[in-house]
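Visitor: Structure file upload-v9.cif (mmCIF, C-alpha atoms and all ligand atoms) right here:
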```cif
data_upload
loop_
_atom_site.label_atom_id
_atom_site.label_comp_id
_atom_site.auth_asym_id
_atom_site.auth_seq_id
_atom_site.Cartn_x
_atom_site.Cartn_y
_atom_site.Cartn_z
CA MET A 1 -19.58 36.96 7.34
CA ALA A 2 -17.75 39.91 5.94
CA LYS A 3 -19.65 42.70 4.32
CA THR A 4 -17.74 42.89 1.09
CA ALA A 5 -18.30 45.54 -1.51
CA THR A 6 -16.50 45.03 -4.80
CA LYS A 7 -15.59 48.08 -6.86
CA THR A 8 -14.69 46.88 -10.32
CA ALA A 9 -12.40 48.98 -12.42
CA GLY A 10 -10.62 46.95 -15.11
CA LYS A 11 -11.84 45.03 -18.15
CA SER A 12 -10.34 41.59 -18.40
CA ALA A 13 -10.95 38.06 -19.46
CA ALA A 14 -10.45 37.12 -15.85
CA LYS A 15 -13.30 39.35 -14.87
CA ALA A 16 -15.61 37.71 -17.35
CA ALA A 17 -14.59 34.26 -16.24
CA ALA A 18 -15.04 35.11 -12.60
CA LYS A 19 -18.36 36.94 -12.83
CA PRO A 20 -20.62 34.68 -10.78
CA ALA A 21 -18.28 34.63 -7.82
CA ALA A 22 -17.74 38.36 -8.04
CA LYS A 23 -21.48 38.95 -7.99
CA ALA A 24 -21.89 36.81 -4.93
CA ALA A 25 -19.05 38.63 -3.21
CA ALA A 26 -20.57 41.99 -4.02
CA LYS A 27 -23.92 41.09 -2.51
CA PRO A 28 -23.84 41.89 1.17
CA LYS A 29 -25.50 39.33 3.37
CA ALA A 30 -28.78 40.27 4.93
CA LYS A 31 -28.20 41.40 8.46
CA THR A 32 -29.94 39.48 11.20
CA ALA A 33 -32.26 41.74 13.12
CA ALA A 34 -30.58 42.87 16.30
CA LYS A 35 -32.47 42.39 19.55
CA PRO A 36 -33.87 45.68 20.85
CA ALA A 37 -31.83 46.82 23.79
CA VAL A 38 -34.86 48.23 25.62
CA LYS A 39 -38.44 47.03 25.78
CA ALA A 40 -40.86 48.82 23.48
CA THR A 41 -43.19 51.13 25.35
CA ALA A 42 -46.80 51.81 24.41
CA LYS A 43 -45.88 55.25 23.15
CA ALA A 44 -43.84 55.07 19.99
CA ALA A 45 -40.54 56.84 20.46
CA PRO A 46 -39.68 59.48 17.86
CA ARG A 47 -38.07 57.79 14.90
CA ALA A 48 -34.33 57.98 14.82
CA LYS A 49 -32.94 59.47 11.63
CA ALA A 50 -31.74 56.80 9.20
CA LYS A 51 -27.99 56.52 9.62
CA PRO A 52 -25.90 57.12 6.51
CA ALA A 53 -24.29 53.90 5.26
CA LYS A 54 -21.02 53.34 7.11
CA LYS A 55 -17.87 53.36 5.01
CA PRO A 56 -16.03 50.04 5.08
CA ALA A 57 -13.19 50.24 7.58
CA LEU A 58 -10.70 48.46 5.35
CA LYS A 59 -9.95 48.96 1.67
CA LEU A 60 -8.40 46.15 -0.32
CA SER A 61 -7.01 46.58 -3.83
CA MET A 62 -6.84 43.21 -5.53
CA LEU A 63 -6.61 41.21 -8.73
CA LYS A 64 -9.14 38.42 -9.01
CA PRO A 65 -7.07 35.77 -10.88
CA SER A 66 -4.17 35.98 -8.41
CA VAL A 67 -3.58 33.56 -5.54
CA ASN A 68 -1.50 36.15 -3.69
CA ASN A 69 -4.67 38.21 -3.67
CA MET A 70 -6.93 35.25 -3.03
CA THR A 71 -5.02 34.68 0.20
CA VAL A 72 -6.00 38.04 1.67
CA ARG A 73 -9.51 37.93 0.19
CA VAL A 74 -10.11 34.58 1.93
CA PHE A 75 -8.65 35.81 5.18
CA ALA A 76 -10.68 39.04 5.17
CA ARG A 77 -13.88 37.06 4.71
CA ALA A 78 -12.98 34.35 7.22
CA ALA A 79 -12.12 37.00 9.82
CA GLY A 80 -15.40 38.81 9.12
CA PHE A 81 -13.85 42.18 8.31
CA ASP A 82 -15.96 45.03 7.10
CA HIS A 83 -14.00 45.62 3.92
CA ALA A 84 -14.37 46.85 0.38
CA GLU A 85 -12.52 45.36 -2.57
CA THR A 86 -11.36 47.37 -5.56
CA ASP A 87 -10.36 45.50 -8.69
CA ALA A 88 -6.97 46.94 -9.64
CA TRP A 89 -6.66 45.08 -12.95
CA GLY A 90 -4.80 47.32 -15.37
CA HIS A 91 -4.25 50.04 -12.78
CA THR A 92 -1.31 48.86 -10.70
CA ARG A 93 1.19 50.85 -12.74
CA SER A 94 -0.88 54.01 -13.02
CA PRO A 95 0.75 57.13 -11.56
CA GLU A 96 -1.96 57.29 -8.85
CA PHE A 97 -1.37 53.71 -7.74
CA MET A 98 2.42 54.01 -7.97
CA ALA A 99 2.36 57.16 -5.87
CA ARG A 100 0.85 55.16 -3.02
CA ASN A 101 2.55 51.85 -3.74
CA PRO A 102 5.83 52.15 -5.67
CA ALA A 103 6.12 48.36 -5.75
CA HIS A 104 2.86 48.28 -7.80
CA LEU A 105 1.86 45.09 -6.03
CA THR A 106 -1.46 43.74 -4.92
CA PRO A 107 -2.95 42.72 -2.55
CA MET A 108 -2.70 46.15 -0.95
CA ILE A 109 -4.70 47.40 1.97
CA GLU A 110 -5.34 50.95 3.04
CA ASP A 111 -5.85 51.26 6.74
CA LYS A 112 -5.80 54.13 9.17
CA GLY A 113 -2.81 53.99 11.43
CA LEU A 114 -0.37 52.50 8.93
CA PRO A 115 2.67 54.81 8.81
CA ARG A 116 2.45 55.13 5.00
CA GLY A 117 -1.29 54.54 4.81
CA VAL A 118 -0.91 51.35 2.75
CA LEU A 119 0.51 47.86 3.14
CA TRP A 120 1.32 45.21 0.56
CA GLU A 121 2.63 41.59 0.76
CA SER A 122 -0.11 39.08 1.51
CA CYS A 123 1.51 37.54 4.58
CA ALA A 124 2.40 40.91 6.13
CA ILE A 125 -1.19 42.06 5.58
CA MET A 126 -2.61 38.99 7.34
CA GLN A 127 -0.09 39.29 10.18
CA TYR A 128 -0.91 42.98 10.64
CA LEU A 129 -4.67 42.50 10.62
CA ALA A 130 -4.52 39.46 12.89
CA ASN A 131 -2.32 41.39 15.34
CA LYS A 132 -4.47 44.48 15.19
CA HIS A 133 -7.70 42.60 15.84
CA GLY A 134 -6.31 39.94 18.18
CA LEU A 135 -7.23 37.05 15.90
CA GLU A 136 -5.33 34.33 17.70
CA LYS A 137 -7.38 31.64 16.03
CA PHE A 138 -5.64 32.45 12.76
CA TYR A 139 -2.29 33.63 14.12
CA PRO A 140 -1.31 32.21 17.54
CA LYS A 141 0.16 34.59 20.05
CA ALA A 142 2.44 32.11 21.83
CA PRO A 143 5.93 32.79 20.40
CA ALA A 144 6.78 29.18 19.55
CA LYS A 145 3.48 28.47 17.79
CA ARG A 146 3.60 31.81 16.01
CA ALA A 147 7.15 31.10 14.86
CA MET A 148 5.97 27.94 13.10
CA VAL A 149 3.28 29.86 11.24
CA ASP A 150 5.82 32.53 10.28
CA SER A 151 8.35 29.92 9.20
CA ALA A 152 5.76 28.17 7.00
CA MET A 153 4.81 31.46 5.36
CA PHE A 154 8.38 32.63 4.76
CA TYR A 155 9.26 29.20 3.40
CA LEU A 156 6.31 29.44 1.06
CA ILE A 157 7.18 32.92 -0.21
CA GLY A 158 10.92 32.24 -0.43
CA THR A 159 10.99 28.67 -1.71
CA LEU A 160 7.70 27.14 -2.86
CA TYR A 161 6.15 30.18 -4.53
CA PRO A 162 9.04 30.95 -6.90
CA TYR A 163 8.79 27.37 -8.21
CA VAL A 164 5.01 27.62 -8.52
CA ALA A 165 5.33 30.93 -10.36
CA ARG A 166 7.98 29.65 -12.73
CA ALA A 167 5.97 26.51 -13.44
CA THR A 168 2.56 28.11 -13.86
CA TYR A 169 2.86 31.76 -14.96
CA PRO A 170 3.63 30.94 -18.61
CA ALA A 171 0.44 28.84 -18.74
CA LEU A 172 -1.51 31.49 -16.86
CA GLY A 173 -0.47 34.08 -19.41
CA PHE A 174 1.11 36.36 -16.82
CA PRO A 175 3.78 38.46 -18.49
CA HIS A 176 6.32 38.27 -15.68
CA TYR A 177 7.32 35.34 -13.60
CA ALA A 178 9.98 34.75 -11.04
CA GLY A 179 13.25 33.41 -12.27
CA GLU A 180 16.17 34.71 -14.16
CA VAL A 181 15.37 32.83 -17.35
CA GLY A 182 11.81 34.12 -17.49
CA HIS A 183 12.98 37.71 -17.60
CA SER A 184 15.85 37.12 -19.99
CA ASP A 185 16.10 36.91 -23.76
CA ALA A 186 16.87 33.22 -23.42
CA HIS A 187 15.71 30.87 -26.14
CA PRO A 188 12.16 29.56 -25.57
CA ASP A 189 13.66 26.08 -25.12
CA LYS A 190 15.67 27.35 -22.15
CA LYS A 191 12.57 28.94 -20.65
CA SER A 192 10.65 25.74 -21.13
CA GLU A 193 13.51 23.81 -19.48
CA ALA A 194 13.34 26.17 -16.49
CA GLN A 195 9.60 25.69 -16.31
CA MET A 196 9.93 21.91 -16.31
CA ALA A 197 12.66 22.03 -13.69
CA ALA A 198 10.48 24.19 -11.46
CA MET A 199 7.59 21.79 -11.89
CA ALA A 200 9.78 18.93 -10.76
CA ALA A 201 11.12 20.95 -7.82
CA ILE A 202 7.67 21.60 -6.32
CA ALA A 203 7.34 18.12 -4.82
CA GLU A 204 10.03 18.61 -2.17
CA PRO A 205 8.75 21.77 -0.44
CA LEU A 206 5.22 20.45 -0.76
CA GLU A 207 6.20 17.38 1.21
CA VAL A 208 7.89 19.60 3.82
CA PHE A 209 4.57 21.35 4.46
CA HIS A 210 2.93 17.98 4.92
CA SER A 211 5.42 16.09 7.00
CA PHE A 212 7.11 18.89 8.93
CA PHE A 213 4.66 21.76 9.30
CA ARG A 214 1.43 19.76 9.52
CA ASP A 215 3.10 16.94 11.39
CA GLY A 216 -0.04 14.81 11.61
CA LYS A 217 -2.33 17.75 12.43
CA PRO A 218 -5.20 18.66 10.09
CA PHE A 219 -3.65 22.10 9.50
CA ILE A 220 -0.38 23.91 10.12
CA GLY A 221 -2.39 25.87 12.69
CA GLY A 222 -3.62 22.68 14.40
CA LYS A 223 -7.37 22.03 14.41
CA ASN A 224 -8.13 25.27 12.62
CA PRO A 225 -6.57 26.79 9.51
CA SER A 226 -4.02 29.49 10.33
CA ILE A 227 -2.95 32.30 8.02
CA ALA A 228 -0.16 29.97 6.80
CA ASP A 229 -2.78 27.39 5.81
CA ILE A 230 -4.78 29.99 3.89
CA ARG A 231 -1.59 31.05 2.12
CA LEU A 232 -0.66 27.45 1.22
CA ALA A 233 -4.11 26.34 0.06
CA ALA A 234 -4.47 29.42 -2.17
CA THR A 235 -1.02 28.79 -3.68
CA LEU A 236 -1.92 25.22 -4.56
CA GLU A 237 -4.91 26.47 -6.58
CA PHE A 238 -2.57 27.71 -9.35
CA LEU A 239 -1.21 24.22 -9.96
CA ALA A 240 -4.46 23.23 -11.68
CA VAL A 241 -3.42 25.26 -14.72
CA ILE A 242 -0.59 22.82 -15.46
CA ASP A 243 -2.63 19.77 -14.35
CA TYR A 244 -0.06 19.19 -11.64
CA ALA A 245 -0.74 15.85 -9.97
CA LEU A 246 -1.23 16.94 -6.37
CA PRO A 247 -0.61 14.22 -3.82
CA GLU A 248 -3.80 12.90 -2.19
CA TRP A 249 -3.00 14.56 1.13
CA ALA A 250 -2.83 17.96 -0.58
CA LYS A 251 -6.18 17.46 -2.30
CA ASP A 252 -7.76 16.46 1.03
CA TYR A 253 -6.05 19.39 2.77
CA VAL A 254 -7.42 22.01 0.38
CA ALA A 255 -10.87 20.39 0.58
CA ALA A 256 -10.70 20.46 4.40
CA ILE A 257 -9.81 24.16 4.40
CA GLU A 258 -12.61 24.93 1.98
CA LYS A 259 -15.04 22.96 4.17
CA LYS A 260 -13.92 24.78 7.33
CA LEU A 261 -14.02 28.26 5.81
CA GLY A 262 -17.00 27.75 3.51
CA LYS A 263 -17.90 30.70 1.30
CA ALA A 264 -15.03 32.72 2.73
CA TYR A 265 -12.79 30.35 0.78
CA SER A 266 -14.93 29.30 -2.14
CA GLU A 267 -15.89 32.79 -3.33
CA PRO A 268 -12.33 34.08 -3.93
CA ALA A 269 -11.24 30.59 -5.04
CA GLY A 270 -14.05 30.73 -7.62
CA ASP A 271 -12.38 33.74 -9.22
CA VAL A 272 -9.03 31.94 -9.51
CA ARG A 273 -10.66 28.71 -10.72
CA GLY A 274 -12.76 30.67 -13.19
CA TYR A 275 -9.65 32.32 -14.60
CA ILE A 276 -7.84 28.97 -14.89
CA ALA A 277 -10.84 27.42 -16.66
CA HIS A 278 -10.83 30.39 -19.01
CA VAL A 279 -7.12 30.17 -19.93
CA LYS A 280 -7.39 26.42 -20.37
CA SER A 281 -10.34 26.78 -22.71
CA GLN A 282 -8.40 29.43 -24.68
CA ALA A 283 -5.40 27.10 -24.95
CA LYS A 284 -7.59 24.32 -26.35
CA ALA A 285 -9.33 26.57 -28.89
N1 LIG A 301 4.79 38.34 -2.50
C1 LIG A 301 3.68 39.16 -2.89
C2 LIG A 301 3.42 39.00 -4.37
C3 LIG A 301 2.46 40.03 -4.89
C4 LIG A 301 2.32 39.98 -6.40
O1 LIG A 301 3.14 39.37 -7.11
N2 LIG A 301 1.26 40.63 -6.89
C5 LIG A 301 0.99 40.67 -8.33
C6 LIG A 301 -0.25 39.86 -8.66
S1 LIG A 301 0.01 38.16 -8.34
C7 LIG A 301 0.68 42.10 -8.75
O2 LIG A 301 -0.03 42.80 -8.06
N3 LIG A 301 1.17 42.50 -9.92
C8 LIG A 301 0.84 43.77 -10.50
C9 LIG A 301 2.02 44.53 -11.03
O3 LIG A 301 3.16 44.11 -10.80
O4 LIG A 301 1.80 45.57 -11.63
C10 LIG A 301 2.45 38.81 -2.03
O5 LIG A 301 2.40 37.69 -1.51
O6 LIG A 301 1.57 39.65 -1.85
#
```
Go ahead and render the structure in this file as structure tokens.
Ligand SMILES: N[C@@H](CCC(=O)N[C@@H](CS)C(=O)NCC(=O)O)C(=O)O
Guide:
Amino acid sequence: MAKTATKTAGKSAAKAAAKPAAKAAAKPKAKTAAKPAVKATAKAAPRAKAKPAKKPALKLSMLKPSVNNMTVRVFARAAGFDHAETDAWGHTRSPEFMARNPAHLTPMIEDKGLPRGVLWESCAIMQYLANKHGLEKFYPKAPAKRAMVDSAMFYLIGTLYPYVARATYPALGFPHYAGEVGHSDAHPDKKSEAQMAAMAAIAEPLEVFHSFFRDGKPFIGGKNPSIADIRLAATLEFLAVIDYALPEWAKDYVAAIEKKLGKAYSEPAGDVRGYIAHVKSQAKA
């Protein structure tokens, strides 16, 4: 399991809602005692100096309520990376952040060897890390299989996600959401119309993931969830905020991914679910 340290910076309702999961994520797992490489001799060897704590190799700036971020947080845990998370809530447009990442987007990783030192876009981050560490289980190397994973992810980012964003962001209380109407001065009725249309449009791409990309397999990746599966399952989490009636296969699919990945999935999902529960309770009040 990944050793995850969480540096928390911002103050937000999301943070409050997601506290238990964040605590669990911050607590590093106890290490299992490594077998001694050499047999102990009668004479005690001079004690080695305690090593200073190693810095995590990978830094991840993230926002807890976001499924774009959840995607990479799940992947980092499932892959067992030694990484540290920094909560960027309220900081993405600060001059310091913008100087490194002019797109002001999270998730963002900092990793030695990247030409500009940082990388954003959830799918690109997973592709990069899977390539770098040879994680074929999540991202197959064979060109044809890899192409299907890529196609599923690009289809998600280019087609499904804009609908999900337009349908859910107003309920999530996110100030910006994809879609011309959302950003315009259009009458609230027009915005609501666009939201409803997006909601209705979700069914088609969803079915494409099921019938075309999964094609009878448990996951897009086959027997094991690929990075495309992590991306899709995380995306579906947002639909709970509008009580979207997921088809049975989709409910089973998310449950199967959560079962396979265990805490790697449920911890970051807990932050998103906690945020959704919080906004729903606010809406009722
Ligand atoms: N396509 C991107 C979307 C990233 C994105 O929209 N990030 C949002 C959170 S969901 C963000 O960091 N917004 C902060 C800002 O724009 O200042 C991905 O998959 O990573």
Visitor: Step by step, measure atom-to-atom distances between ligand LIG 301 (chain A) and each residue using all atoms listed in the file, keep those at most 6 Å, then write them as an MDAnalysis selection string.
Guide: chainID A and resid 66 68 92:93 104:107 121:122
Visitor: For the residues in the current selection, export C-alpha atoms as a short mmCIF file (atom, residue, chain, number, x, y, z; two decimals), in the coordinates of the input.
Guide:
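So the final result, stored in out.cif, reads:
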```cif
data_model
loop_
_atom_site.label_atom_id
_atom_site.label_comp_id
_atom_site.auth_asym_id
_atom_site.auth_seq_id
_atom_site.Cartn_x
_atom_site.Cartn_y
_atom_site.Cartn_z
CA SER A 66 -4.17 35.98 -8.41
CA ASN A 68 -1.50 36.15 -3.69
CA THR A 92 -1.31 48.86 -10.70
CA ARG A 93 1.19 50.85 -12.74
CA HIS A 104 2.86 48.28 -7.80
CA LEU A 105 1.86 45.09 -6.03
CA THR A 106 -1.46 43.74 -4.92
CA PRO A 107 -2.95 42.72 -2.55
CA GLU A 121 2.63 41.59 0.76
CA SER A 122 -0.11 39.08 1.51
#
```
Visitor: Out of A:Ala79, A:Ala200, A:Ile109, A:Leu172, which residue has the shortest atom-to-atom distance to His133 (chain A) when counting only C-alpha atoms?
Guide: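 Answer, going by the shortest atom-to-atom distance: A:Ala79.
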Visitor: Using all atoms listed in the file, which residues sit within 9 Å of Leu206 (chain A) once same-chain residues fewer than 5 positions away are excluded, as a list in words?
Guide: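 So the residues in contact are Leu160, Ser211 and Ala250 of chain A.
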Visitor: For Trp120 (chain A), which of A:Lys141, A:Arg166, A:Lys59, A:Lys132 is the closest residue, counting all atoms listed in the file?
Guide: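 Residue with the minimum atom-to-atom distance to Trp120 (chain A): A:Lys59.
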Visitor: Just want the 8 Å neighbourhood of Asn224 (chain A), counted on only C-alpha atoms, with same-chain residues fewer than 6 positions away dropped. Output as number ranges by chain.
Guide: A: 137-138, 218, 260
Visitor: Could you please take those selected residues and save C-alpha atoms as a PDB file, in the coordinates of the input?
Guide:
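Produced file selection33.pdb, reproduced below:
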```pdb
ATOM      1  CA  LYS A 137      -7.380  31.640  16.030  1.00  0.00           C
ATOM      2  CA  PHE A 138      -5.640  32.450  12.760  1.00  0.00           C
ATOM      3  CA  PRO A 218      -5.200  18.660  10.090  1.00  0.00           C
ATOM      4  CA  LYS A 260     -13.920  24.780   7.330  1.00  0.00           C
TER       5      LYS A 260
END
```
Visitor: For Thr235 (chain A), which residue out of A:Met108, A:Glu85, A:Thr168, A:Tyr128 is the nearest one, using only C-alpha atoms?
Guide: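 Closest candidate: A:Thr168.
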Visitor: Could you list, with a cut-off of 12 Å and counting all atoms listed in the file, the residues of region 125-204 of chain A near region 267-275 of chain A, each shown with its nearest atom pair and the distance in Å rounded to one decimal, rows sorted by chain and ascending number, as CSV?
Guide:
```
residue,atom,partner,partner_atom,distance
A:Ala171,CA,A:Tyr275,CA,11.4
A:Leu172,CA,A:Tyr275,CA,8.5
A:Gly173,CA,A:Tyr275,CA,10.5
A:Phe174,CA,A:Tyr275,CA,11.7
```
Visitor: Could you save the residues just selected, with C-alpha atoms, as a PDB file, in the frame of the given file?
Guide:
```
ATOM      1  CA  ALA A 171       0.440  28.840 -18.740  1.00  0.00           C
ATOM      2  CA  LEU A 172      -1.510  31.490 -16.860  1.00  0.00           C
ATOM      3  CA  GLY A 173      -0.470  34.080 -19.410  1.00  0.00           C
ATOM      4  CA  PHE A 174       1.110  36.360 -16.820  1.00  0.00           C
TER       5      PHE A 174
END
```
